[in-house]
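Next up, work11.pdb (PDB, C-alpha atoms, pLDDT in the B column):
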```
ATOM      1  CA  MET A   1      -5.131   5.460  12.781  1.00 87.00           C
ATOM      2  CA  THR A   2      -2.613   5.878   9.995  1.00 93.00           C
ATOM      3  CA  ASP A   3      -2.511   9.347   8.496  1.00 95.00           C
ATOM      4  CA  PHE A   4      -1.574   8.509   4.910  1.00 96.00           C
ATOM      5  CA  LYS A   5      -1.423  12.155   3.948  1.00 95.00           C
ATOM      6  CA  ALA A   6       1.038  12.955   6.747  1.00 97.00           C
ATOM      7  CA  LEU A   7       3.259   9.968   5.985  1.00 97.00           C
ATOM      8  CA  LEU A   8       3.401  10.755   2.275  1.00 97.00           C
ATOM      9  CA  ARG A   9       4.170  14.391   3.080  1.00 97.00           C
ATOM     10  CA  ILE A  10       6.945  13.464   5.536  1.00 98.00           C
ATOM     11  CA  LEU A  11       8.666  11.143   3.063  1.00 98.00           C
ATOM     12  CA  SER A  12       8.213  13.454   0.112  1.00 97.00           C
ATOM     13  CA  ASP A  13       9.374  16.613   1.885  1.00 97.00           C
ATOM     14  CA  ALA A  14      12.538  14.815   2.967  1.00 98.00           C
ATOM     15  CA  GLY A  15      13.269  13.813  -0.633  1.00 98.00           C
ATOM     16  CA  VAL A  16      12.997  10.087   0.139  1.00 98.00           C
ATOM     17  CA  GLU A  17      12.798   7.965  -3.007  1.00 98.00           C
ATOM     18  CA  PHE A  18       9.980   5.478  -2.544  1.00 98.00           C
ATOM     19  CA  ILE A  19       7.206   3.646  -4.377  1.00 98.00           C
ATOM     20  CA  VAL A  20       3.734   3.272  -2.893  1.00 98.00           C
ATOM     21  CA  VAL A  21       2.664  -0.385  -3.050  1.00 98.00           C
ATOM     22  CA  GLY A  22       0.193  -2.561  -1.152  1.00 96.00           C
ATOM     23  CA  GLY A  23      -3.259  -1.558   0.031  1.00 96.00           C
ATOM     24  CA  VAL A  24      -2.828   2.176  -0.414  1.00 97.00           C
ATOM     25  CA  ALA A  25      -1.674   1.656  -3.997  1.00 97.00           C
ATOM     26  CA  ALA A  26      -4.699  -0.582  -4.519  1.00 97.00           C
ATOM     27  CA  ALA A  27      -6.985   2.125  -3.086  1.00 96.00           C
ATOM     28  CA  VAL A  28      -5.502   4.774  -5.356  1.00 97.00           C
ATOM     29  CA  HIS A  29      -6.195   2.486  -8.317  1.00 97.00           C
ATOM     30  CA  GLY A  30      -9.819   2.132  -7.190  1.00 96.00           C
ATOM     31  CA  SER A  31      -9.962  -0.726  -4.686  1.00 96.00           C
ATOM     32  CA  ALA A  32     -12.575  -0.365  -1.949  1.00 93.00           C
ATOM     33  CA  ARG A  33     -10.785  -2.599   0.575  1.00 92.00           C
ATOM     34  CA  ALA A  34      -9.686  -1.244   3.932  1.00 91.00           C
ATOM     35  CA  THR A  35      -6.002  -1.043   4.729  1.00 93.00           C
ATOM     36  CA  PHE A  36      -4.360   0.130   7.915  1.00 93.00           C
ATOM     37  CA  ASP A  37      -0.794   0.864   6.971  1.00 95.00           C
ATOM     38  CA  LEU A  38       1.228   2.505   4.255  1.00 97.00           C
ATOM     39  CA  ASP A  39       3.542   0.121   2.381  1.00 98.00           C
ATOM     40  CA  VAL A  40       6.416   1.648   0.477  1.00 98.00           C
ATOM     41  CA  VAL A  41       9.424   0.207  -1.315  1.00 98.00           C
ATOM     42  CA  TYR A  42      12.363   2.488  -0.565  1.00 98.00           C
ATOM     43  CA  ARG A  43      15.550   2.921  -2.576  1.00 98.00           C
ATOM     44  CA  ARG A  44      18.512   1.436  -0.764  1.00 98.00           C
ATOM     45  CA  THR A  45      21.194   3.946  -1.705  1.00 98.00           C
ATOM     46  CA  PRO A  46      23.252   5.360   1.195  1.00 98.00           C
ATOM     47  CA  GLU A  47      21.867   8.846   0.518  1.00 98.00           C
ATOM     48  CA  ASN A  48      18.276   7.632   0.551  1.00 98.00           C
ATOM     49  CA  LEU A  49      18.765   5.683   3.772  1.00 98.00           C
ATOM     50  CA  GLU A  50      20.030   8.879   5.416  1.00 98.00           C
ATOM     51  CA  ARG A  51      17.025  10.840   4.124  1.00 98.00           C
ATOM     52  CA  LEU A  52      14.686   8.126   5.396  1.00 98.00           C
ATOM     53  CA  VAL A  53      16.276   8.124   8.838  1.00 98.00           C
ATOM     54  CA  LEU A  54      16.129  11.912   9.176  1.00 98.00           C
ATOM     55  CA  ALA A  55      12.567  12.078   7.876  1.00 98.00           C
ATOM     56  CA  LEU A  56      11.186   9.657  10.467  1.00 98.00           C
ATOM     57  CA  ILE A  57      13.216  10.508  13.574  1.00 97.00           C
ATOM     58  CA  PRO A  58      10.713  13.161  14.768  1.00 98.00           C
ATOM     59  CA  TYR A  59       7.903  10.581  14.573  1.00 98.00           C
ATOM     60  CA  HIS A  60       9.575   7.999  16.828  1.00 97.00           C
ATOM     61  CA  PRO A  61       9.589   4.899  14.595  1.00 97.00           C
ATOM     62  CA  TYR A  62       9.523   1.626  16.515  1.00 97.00           C
ATOM     63  CA  LEU A  63       9.039  -1.998  15.522  1.00 97.00           C
ATOM     64  CA  ARG A  64       5.317  -2.625  15.354  1.00 96.00           C
ATOM     65  CA  GLY A  65       4.112  -5.275  17.749  1.00 93.00           C
ATOM     66  CA  ALA A  66       7.430  -5.484  19.574  1.00 94.00           C
ATOM     67  CA  PRO A  67       7.425  -5.079  23.345  1.00 93.00           C
ATOM     68  CA  PRO A  68       8.421  -1.624  24.548  1.00 90.00           C
ATOM     69  CA  GLY A  69      11.954  -1.092  25.713  1.00 91.00           C
ATOM     70  CA  LEU A  70      13.825  -3.119  23.090  1.00 93.00           C
ATOM     71  CA  PRO A  71      17.155  -1.545  22.113  1.00 92.00           C
ATOM     72  CA  PHE A  72      15.896  -0.600  18.646  1.00 94.00           C
ATOM     73  CA  ARG A  73      17.865   2.260  17.110  1.00 95.00           C
ATOM     74  CA  TRP A  74      16.462   4.070  14.119  1.00 97.00           C
ATOM     75  CA  ASP A  75      19.580   4.792  12.101  1.00 97.00           C
ATOM     76  CA  ALA A  76      21.096   4.090   8.692  1.00 97.00           C
ATOM     77  CA  THR A  77      23.087   1.136  10.020  1.00 97.00           C
ATOM     78  CA  THR A  78      19.910  -0.554  11.230  1.00 97.00           C
ATOM     79  CA  ILE A  79      18.244  -0.075   7.847  1.00 97.00           C
ATOM     80  CA  ARG A  80      21.322  -1.132   5.901  1.00 97.00           C
ATOM     81  CA  ARG A  81      21.668  -4.347   7.899  1.00 97.00           C
ATOM     82  CA  GLY A  82      17.970  -5.098   7.621  1.00 97.00           C
ATOM     83  CA  LEU A  83      15.633  -4.985   4.648  1.00 97.00           C
ATOM     84  CA  ASN A  84      11.951  -4.810   5.500  1.00 97.00           C
ATOM     85  CA  PHE A  85      10.659  -2.967   8.564  1.00 97.00           C
ATOM     86  CA  THR A  86       7.112  -2.879   9.902  1.00 97.00           C
ATOM     87  CA  LEU A  87       7.042   0.306  11.925  1.00 98.00           C
ATOM     88  CA  LYS A  88       4.709   2.139  14.219  1.00 97.00           C
ATOM     89  CA  THR A  89       5.163   5.914  14.174  1.00 98.00           C
ATOM     90  CA  ASP A  90       3.418   8.901  15.745  1.00 98.00           C
ATOM     91  CA  VAL A  91       1.458   9.331  12.506  1.00 97.00           C
ATOM     92  CA  GLY A  92       0.595   5.695  11.935  1.00 96.00           C
ATOM     93  CA  ASP A  93       1.835   2.378  10.673  1.00 97.00           C
ATOM     94  CA  LEU A  94       4.455   2.327   7.960  1.00 98.00           C
ATOM     95  CA  ASP A  95       5.924  -0.723   6.248  1.00 98.00           C
ATOM     96  CA  LEU A  96       9.304   0.078   4.761  1.00 98.00           C
ATOM     97  CA  LEU A  97      10.178  -2.583   2.232  1.00 98.00           C
ATOM     98  CA  GLY A  98      13.584  -3.019   0.669  1.00 98.00           C
ATOM     99  CA  GLU A  99      12.142  -5.665  -1.613  1.00 98.00           C
ATOM    100  CA  ILE A 100       8.792  -7.272  -2.285  1.00 97.00           C
ATOM    101  CA  THR A 101       8.053 -10.852  -3.306  1.00 94.00           C
ATOM    102  CA  GLY A 102       7.733 -11.139  -7.057  1.00 94.00           C
ATOM    103  CA  GLY A 103       8.815  -7.560  -7.620  1.00 95.00           C
ATOM    104  CA  GLY A 104      12.266  -6.996  -6.181  1.00 97.00           C
ATOM    105  CA  GLY A 105      13.555  -3.653  -5.015  1.00 98.00           C
ATOM    106  CA  TYR A 106      13.112  -0.026  -5.997  1.00 98.00           C
ATOM    107  CA  GLU A 107      15.183  -0.168  -9.191  1.00 98.00           C
ATOM    108  CA  ALA A 108      13.373  -3.279 -10.447  1.00 98.00           C
ATOM    109  CA  LEU A 109       9.947  -1.778  -9.762  1.00 98.00           C
ATOM    110  CA  ALA A 110      10.609   1.805 -10.885  1.00 98.00           C
ATOM    111  CA  PRO A 111       9.885   1.163 -14.602  1.00 98.00           C
ATOM    112  CA  SER A 112       6.427  -0.102 -13.585  1.00 98.00           C
ATOM    113  CA  THR A 113       5.420   3.040 -11.717  1.00 98.00           C
ATOM    114  CA  THR A 114       3.559   6.215 -12.469  1.00 96.00           C
ATOM    115  CA  LEU A 115       3.930   9.599 -10.865  1.00 97.00           C
ATOM    116  CA  ILE A 116       0.729  10.692  -9.187  1.00 96.00           C
ATOM    117  CA  ARG A 117      -0.340  13.676  -7.127  1.00 95.00           C
ATOM    118  CA  ALA A 118      -2.102  12.834  -3.887  1.00 95.00           C
ATOM    119  CA  PHE A 119      -2.956  15.691  -1.517  1.00 94.00           C
ATOM    120  CA  ASP A 120      -0.715  17.841  -3.699  1.00 94.00           C
ATOM    121  CA  ILE A 121       2.214  15.511  -3.003  1.00 96.00           C
ATOM    122  CA  GLU A 122       3.945  13.961  -5.970  1.00 95.00           C
ATOM    123  CA  CYS A 123       4.813  10.308  -5.445  1.00 96.00           C
ATOM    124  CA  ARG A 124       5.542   7.141  -7.345  1.00 98.00           C
ATOM    125  CA  LEU A 125       2.812   4.516  -7.455  1.00 98.00           C
ATOM    126  CA  LEU A 126       3.200   0.912  -8.590  1.00 98.00           C
ATOM    127  CA  ASN A 127       1.015   0.515 -11.644  1.00 98.00           C
ATOM    128  CA  LEU A 128      -2.027  -1.707 -11.564  1.00 98.00           C
ATOM    129  CA  ASP A 129      -0.743  -4.524 -13.784  1.00 97.00           C
ATOM    130  CA  ARG A 130       2.458  -4.871 -11.736  1.00 98.00           C
ATOM    131  CA  LEU A 131       0.540  -4.656  -8.471  1.00 98.00           C
ATOM    132  CA  ILE A 132      -1.625  -7.569  -9.621  1.00 97.00           C
ATOM    133  CA  GLU A 133       1.489  -9.544 -10.627  1.00 96.00           C
ATOM    134  CA  VAL A 134       3.207  -9.102  -7.262  1.00 96.00           C
ATOM    135  CA  LYS A 135       0.038  -9.926  -5.334  1.00 95.00           C
ATOM    136  CA  ARG A 136      -0.279 -13.126  -7.382  1.00 94.00           C
ATOM    137  CA  ALA A 137       3.357 -13.937  -6.628  1.00 92.00           C
ATOM    138  CA  VAL A 138       2.842 -13.703  -2.864  1.00 91.00           C
ATOM    139  CA  GLY A 139       0.350 -16.516  -3.207  1.00 87.00           C
ATOM    140  CA  ARG A 140      -1.597 -16.361   0.055  1.00 90.00           C
ATOM    141  CA  PRO A 141      -5.379 -16.792  -0.107  1.00 90.00           C
ATOM    142  CA  LYS A 142      -5.869 -13.233   1.176  1.00 90.00           C
ATOM    143  CA  ASP A 143      -3.687 -11.975  -1.682  1.00 93.00           C
ATOM    144  CA  PHE A 144      -5.828 -13.870  -4.196  1.00 94.00           C
ATOM    145  CA  GLU A 145      -8.844 -12.033  -2.770  1.00 95.00           C
ATOM    146  CA  VAL A 146      -7.043  -8.767  -3.445  1.00 95.00           C
ATOM    147  CA  VAL A 147      -6.092  -9.927  -6.954  1.00 97.00           C
ATOM    148  CA  ALA A 148      -9.752 -10.750  -7.641  1.00 97.00           C
ATOM    149  CA  GLU A 149     -10.772  -7.224  -6.725  1.00 97.00           C
ATOM    150  CA  LEU A 150      -7.885  -5.590  -8.602  1.00 98.00           C
ATOM    151  CA  GLU A 151      -8.696  -7.541 -11.757  1.00 97.00           C
ATOM    152  CA  ILE A 152     -12.242  -6.232 -11.543  1.00 97.00           C
ATOM    153  CA  VAL A 153     -10.854  -2.716 -10.993  1.00 97.00           C
ATOM    154  CA  ARG A 154      -8.812  -3.188 -14.171  1.00 97.00           C
ATOM    155  CA  GLU A 155     -11.864  -4.394 -16.122  1.00 96.00           C
ATOM    156  CA  GLN A 156     -13.922  -1.454 -14.877  1.00 96.00           C
ATOM    157  CA  ARG A 157     -11.206   1.047 -15.745  1.00 94.00           C
ATOM    158  CA  ARG A 158     -11.020  -0.369 -19.261  1.00 93.00           C
ATOM    159  CA  GLN A 159     -14.763   0.124 -19.574  1.00 90.00           C
ATOM    160  CA  ARG A 160     -14.457   3.680 -18.199  1.00 78.00           C
ATOM    161  CA  PRO A 161     -11.228   5.004 -19.676  1.00 70.00           C
ATOM    162  CA  THR A 162     -11.983   8.572 -18.617  1.00 63.00           C
ATOM    163  CA  GLN A 163     -11.791   7.573 -14.949  1.00 61.00           C
ATOM    164  CA  SER A 164      -8.328   6.727 -13.680  1.00 63.00           C
TER     165      SER A 164
ATOM    166  CA  MET B 165      -6.048 -15.599 -21.488  1.00 63.00           C
ATOM    167  CA  SER B 166      -6.704 -18.857 -23.310  1.00 65.00           C
ATOM    168  CA  GLU B 167      -8.003 -21.899 -21.441  1.00 66.00           C
ATOM    169  CA  SER B 168      -4.642 -23.680 -21.859  1.00 66.00           C
ATOM    170  CA  GLN B 169      -2.828 -20.792 -20.107  1.00 72.00           C
ATOM    171  CA  ARG B 170      -5.105 -20.832 -17.076  1.00 79.00           C
ATOM    172  CA  SER B 171      -3.934 -22.295 -13.801  1.00 87.00           C
ATOM    173  CA  SER B 172      -5.872 -23.396 -10.758  1.00 90.00           C
ATOM    174  CA  ILE B 173      -4.925 -20.028  -9.232  1.00 91.00           C
ATOM    175  CA  ASP B 174      -7.020 -18.330 -11.923  1.00 92.00           C
ATOM    176  CA  ASP B 175      -9.931 -20.564 -10.975  1.00 93.00           C
ATOM    177  CA  ILE B 176      -9.483 -19.623  -7.304  1.00 93.00           C
ATOM    178  CA  ILE B 177      -9.376 -15.921  -8.183  1.00 95.00           C
ATOM    179  CA  ASP B 178     -12.569 -16.340 -10.212  1.00 95.00           C
ATOM    180  CA  VAL B 179     -14.270 -17.819  -7.142  1.00 95.00           C
ATOM    181  CA  TYR B 180     -13.217 -14.790  -5.084  1.00 95.00           C
ATOM    182  CA  LYS B 181     -14.499 -12.453  -7.808  1.00 96.00           C
ATOM    183  CA  ARG B 182     -18.063 -13.613  -7.090  1.00 95.00           C
ATOM    184  CA  ASP B 183     -17.852 -11.879  -3.700  1.00 93.00           C
ATOM    185  CA  VAL B 184     -16.489  -8.554  -4.949  1.00 95.00           C
ATOM    186  CA  ASP B 185     -18.965  -5.686  -4.716  1.00 95.00           C
ATOM    187  CA  VAL B 186     -18.476  -4.089  -8.122  1.00 96.00           C
ATOM    188  CA  SER B 187     -20.694  -1.127  -7.205  1.00 96.00           C
ATOM    189  CA  LEU B 188     -18.149  -0.049  -4.553  1.00 95.00           C
ATOM    190  CA  ILE B 189     -15.396  -0.114  -7.164  1.00 96.00           C
ATOM    191  CA  VAL B 190     -17.471   1.843  -9.665  1.00 95.00           C
ATOM    192  CA  GLU B 191     -18.213   4.422  -6.966  1.00 95.00           C
ATOM    193  CA  ASN B 192     -14.529   4.633  -6.046  1.00 95.00           C
ATOM    194  CA  LEU B 193     -13.463   5.105  -9.657  1.00 95.00           C
ATOM    195  CA  ARG B 194     -15.701   8.169  -9.860  1.00 95.00           C
ATOM    196  CA  ARG B 195     -13.686   9.750  -7.040  1.00 96.00           C
ATOM    197  CA  SER B 196     -10.432  11.676  -7.339  1.00 96.00           C
ATOM    198  CA  ILE B 197      -7.249  10.168  -5.869  1.00 96.00           C
ATOM    199  CA  ASP B 198      -7.521  12.460  -2.839  1.00 96.00           C
ATOM    200  CA  GLU B 199     -11.130  11.402  -2.293  1.00 96.00           C
ATOM    201  CA  ARG B 200     -10.186   7.711  -2.530  1.00 96.00           C
ATOM    202  CA  LEU B 201      -7.534   8.161   0.162  1.00 96.00           C
ATOM    203  CA  GLU B 202      -9.856  10.220   2.365  1.00 95.00           C
ATOM    204  CA  THR B 203     -12.499   7.491   2.029  1.00 94.00           C
ATOM    205  CA  LEU B 204      -9.873   4.937   3.007  1.00 94.00           C
ATOM    206  CA  MET B 205      -8.945   6.915   6.140  1.00 94.00           C
ATOM    207  CA  ARG B 206     -12.616   7.280   7.122  1.00 93.00           C
ATOM    208  CA  LEU B 207     -13.086   3.526   6.671  1.00 91.00           C
ATOM    209  CA  GLN B 208      -9.999   2.928   8.801  1.00 90.00           C
ATOM    210  CA  ALA B 209     -11.341   5.199  11.563  1.00 89.00           C
ATOM    211  CA  PHE B 210     -14.705   3.427  11.434  1.00 89.00           C
ATOM    212  CA  VAL B 211     -13.132  -0.034  11.751  1.00 88.00           C
ATOM    213  CA  GLU B 212     -10.971   1.137  14.671  1.00 85.00           C
ATOM    214  CA  GLU B 213     -14.050   2.572  16.370  1.00 88.00           C
ATOM    215  CA  LEU B 214     -15.803  -0.791  15.969  1.00 88.00           C
ATOM    216  CA  ARG B 215     -12.777  -2.571  17.416  1.00 85.00           C
ATOM    217  CA  ARG B 216     -12.842  -0.293  20.463  1.00 86.00           C
ATOM    218  CA  ALA B 217     -16.601  -0.588  20.847  1.00 87.00           C
ATOM    219  CA  GLY B 218     -16.596  -4.409  20.779  1.00 78.00           C
ATOM    220  CA  PRO B 219     -14.774  -5.030  24.083  1.00 77.00           C
ATOM    221  CA  ALA B 220     -16.528  -2.034  25.696  1.00 75.00           C
ATOM    222  CA  ALA B 221     -19.946  -3.500  24.841  1.00 74.00           C
ATOM    223  CA  GLU B 222     -18.953  -6.834  26.374  1.00 73.00           C
ATOM    224  CA  GLY B 223     -18.197  -4.985  29.589  1.00 66.00           C
TER     225      GLY B 223
END
```
Could the structure of this file be written out as structure tokens, please?
Amino acid sequence: MTDFKALLRILSDAGVEFIVVGGVAAAVHGSARATFDLDVVYRRTPENLERLVLALIPYHPYLRGAPPGLPFRWDATTIRRGLNFTLKTDVGDLDLLGEITGGGGYEALAPSTTLIRAFDIECRLLNLDRLIEVKRAVGRPKDFEVVAELEIVREQRRQRPTQS
Amino acid sequence: MSESQRSSIDDIIDVYKRDVDVSLIVENLRRSIDERLETLMRLQAFVEELRRAGPAAEG
């Protein structure tokens, strides 16, 4: 099971700059769909890569679904030479995304985020309109299902402006 | 969105909307952010329990 609270706390305490996207962002906005991993877009500055590496080392990140024993090294060089990583950690599944389809990287997405407090942790969340746009851009049938639900979330929130 | 701006993707999304349980969304919107995430983790645990139980039941 993925402990979303623990993962958010680990990243936040280490000062990692990241934006929550994907299913967890959808859930925070009001979606009722299940999701099993935390997707975040991380800032690809050298300093942030170092913070990310140090934050996750104690939780033994490894490539999710890969056979055990591969020579995977969790370090800044690995992140710098890659972009998106689907990881398994001791506290659950974490997708670290340098960029997302239809949205780009951290700097491109940052203006479309809001700061939220979840479990007393302050973090950046991709706003609902942008989340719908990027899900549309991905273009898989399962993403259209998500878009359908998120558009209804948006309609419901407009009808109930006191509930965010 | 006007009719001329709509694409077939919008029509597909409208088809999917018929299957969305709006009552679950309304219930979720009444919750705080922490409660929404806790609900999500409980749902995750439940699904994982079902996944474990399936093969066990088949023997």
- Task: Spell out the residues picked by the PyMOL selection byres ((chain A and resi 144) around 10) here, as a ChimeraX atom specification.
- Result: /A:132,135-143,145-150 /B:173-174,176-181
- Query: Mind telling me what the PyMOL selection byres ((chain B and resi 205) around 8) catches here, as an NGL selection string?
  - Reply: (:A and (1-4)) or (:B and (201-204 or 206-209))
List the residues selected by the PyMOL selection byres ((chain A and resi 37) around 7) in the file shown, writing them as a PDB file with C-alpha atoms, keeping the file's coordinate frame.
```
ATOM      1  CA  THR A   2      -2.613   5.878   9.995  1.00 93.00           C
ATOM      2  CA  THR A  35      -6.002  -1.043   4.729  1.00 93.00           C
ATOM      3  CA  PHE A  36      -4.360   0.130   7.915  1.00 93.00           C
ATOM      4  CA  LEU A  38       1.228   2.505   4.255  1.00 97.00           C
ATOM      5  CA  ASP A  39       3.542   0.121   2.381  1.00 98.00           C
ATOM      6  CA  ASP A  93       1.835   2.378  10.673  1.00 97.00           C
ATOM      7  CA  LEU A  94       4.455   2.327   7.960  1.00 98.00           C
ATOM      8  CA  ASP A  95       5.924  -0.723   6.248  1.00 98.00           C
TER       9      ASP A  95
END
```
- Counting all atoms listed in the file, closest pick from B:Phe210, B:Asp198, B:Glu222, B:Arg182 relative to chain A is B:Asp198
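Proximity ranking of A:Ile79, A:Ile10, A:Ala118, A:Val134 relative to chain B places A:Ala118 first, based on all atoms listed in the file.
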- Message: Set the distance at 12 Å and use only C-alpha atoms: which residues neighbour Arg80 (chain A) once local chain neighbours fewer than 2 positions away are removed? I'd like the list as a VMD selection string.
- Response: chain A and resid 42 to 50 52 to 53 74 to 78 82 to 85 97 to 98
- Note on the structure: Shortest contact to chain B, candidates A:Leu115, A:Leu54, A:Val28, A:Val16, atoms counted only C-alpha atoms, goes to A:Val28
- How many Å separate CA of Val153 (chain A) from CA of Leu8 (chain A)? 23.7 Å
Show me, as lines of an AutoDock Vina configuration file, the centre and edge lengths in Å to one decimal of the axis-aligned box that covers every listed atom of region 117-123 of chain A with 3 Å on each side.
```
center_x = 0.9
center_y = 14.1
center_z = -4.3
size_x = 13.8
size_y = 13.5
size_z = 11.6
```
- Message: Using Å and a single decimal, report how far CA of Glu133 (chain A) sits from CA of Gly102 (chain A).
- Response: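 Interatomic distance, CA of Gly102 (chain A) to CA of Glu133 (chain A): 7.4 Å.
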- Message: For a cutoff of 8 Å around the file-coordinate point (1.2, 1.5, -10.2), which residues qualify once you count only C-alpha atoms? I'd like the result as a PyMOL selection string.
- Response: chain A and resi 20-21+25+29+112-114+124-131
Output file for the selection above: C-alpha atoms, as a tab-separated table (two decimals), keeping the file's coordinate frame:
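Once written, selection.tsv looks like this:
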```tsv
chain	number	residue	atom	x	y	z
A	20	VAL	CA	3.73	3.27	-2.89
A	21	VAL	CA	2.66	-0.38	-3.05
A	25	ALA	CA	-1.67	1.66	-4.00
A	29	HIS	CA	-6.20	2.49	-8.32
A	112	SER	CA	6.43	-0.10	-13.58
A	113	THR	CA	5.42	3.04	-11.72
A	114	THR	CA	3.56	6.22	-12.47
A	124	ARG	CA	5.54	7.14	-7.34
A	125	LEU	CA	2.81	4.52	-7.46
A	126	LEU	CA	3.20	0.91	-8.59
A	127	ASN	CA	1.01	0.52	-11.64
A	128	LEU	CA	-2.03	-1.71	-11.56
A	129	ASP	CA	-0.74	-4.52	-13.78
A	130	ARG	CA	2.46	-4.87	-11.74
A	131	LEU	CA	0.54	-4.66	-8.47
```
- Query: Taking into account all atoms listed in the file, which residue in the set A:Ala26, A:Leu63, A:Ala32, A:Ile19 is nearest to Ile100 (chain A)?
  - Reply: A:Ile19
- Between CA of Pro68 (chain A) and CA of Gly22 (chain A) - distance in Å to one decimal: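 Going from CA of Gly22 (chain A) over to CA of Pro68 (chain A) covers 27.0 Å.
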- Could you tell me which of A:Arg51, A:Gly105, A:Asp90, A:Glu155 comes closest to Asp13 (chain A) if we count all atoms listed in the file?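 The shortest atom-to-atom distance to Asp13 (chain A) comes from A:Arg51.
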- Pick out the closest residue to chain A from this set: B:Ser187, B:Gln169, B:Arg200, B:Ala217. Count all atoms listed in the file.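 Under the stated criterion, the closest residue is B:Arg200.
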I need region 17-38 of chain A from the structure I supplied, saved as a tab-separated table (two decimals), in the first residue's frame with C-alpha atoms retained.
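In the end it all went to result.tsv:
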```tsv
chain	number	residue	atom	x	y	z
A	17	GLU	CA	10.16	21.18	-5.01
A	18	PHE	CA	7.37	19.14	-6.54
A	19	ILE	CA	3.80	19.34	-7.83
A	20	VAL	CA	1.22	16.69	-7.01
A	21	VAL	CA	-0.47	15.52	-10.22
A	22	GLY	CA	-2.33	12.38	-11.31
A	23	GLY	CA	-4.76	10.36	-9.24
A	24	VAL	CA	-3.86	11.86	-5.89
A	25	ALA	CA	-4.37	15.36	-7.27
A	26	ALA	CA	-7.70	14.19	-8.67
A	27	ALA	CA	-8.68	12.78	-5.25
A	28	VAL	CA	-7.77	16.03	-3.51
A	29	HIS	CA	-10.01	17.87	-5.98
A	30	GLY	CA	-12.87	15.48	-5.16
A	31	SER	CA	-12.51	12.45	-7.42
A	32	ALA	CA	-13.69	9.16	-5.93
A	33	ARG	CA	-11.48	6.95	-8.12
A	34	ALA	CA	-8.89	4.66	-6.58
A	35	THR	CA	-5.23	5.29	-7.25
A	36	PHE	CA	-2.25	3.30	-6.06
A	37	ASP	CA	0.70	5.59	-6.47
A	38	LEU	CA	1.72	9.17	-5.90
```
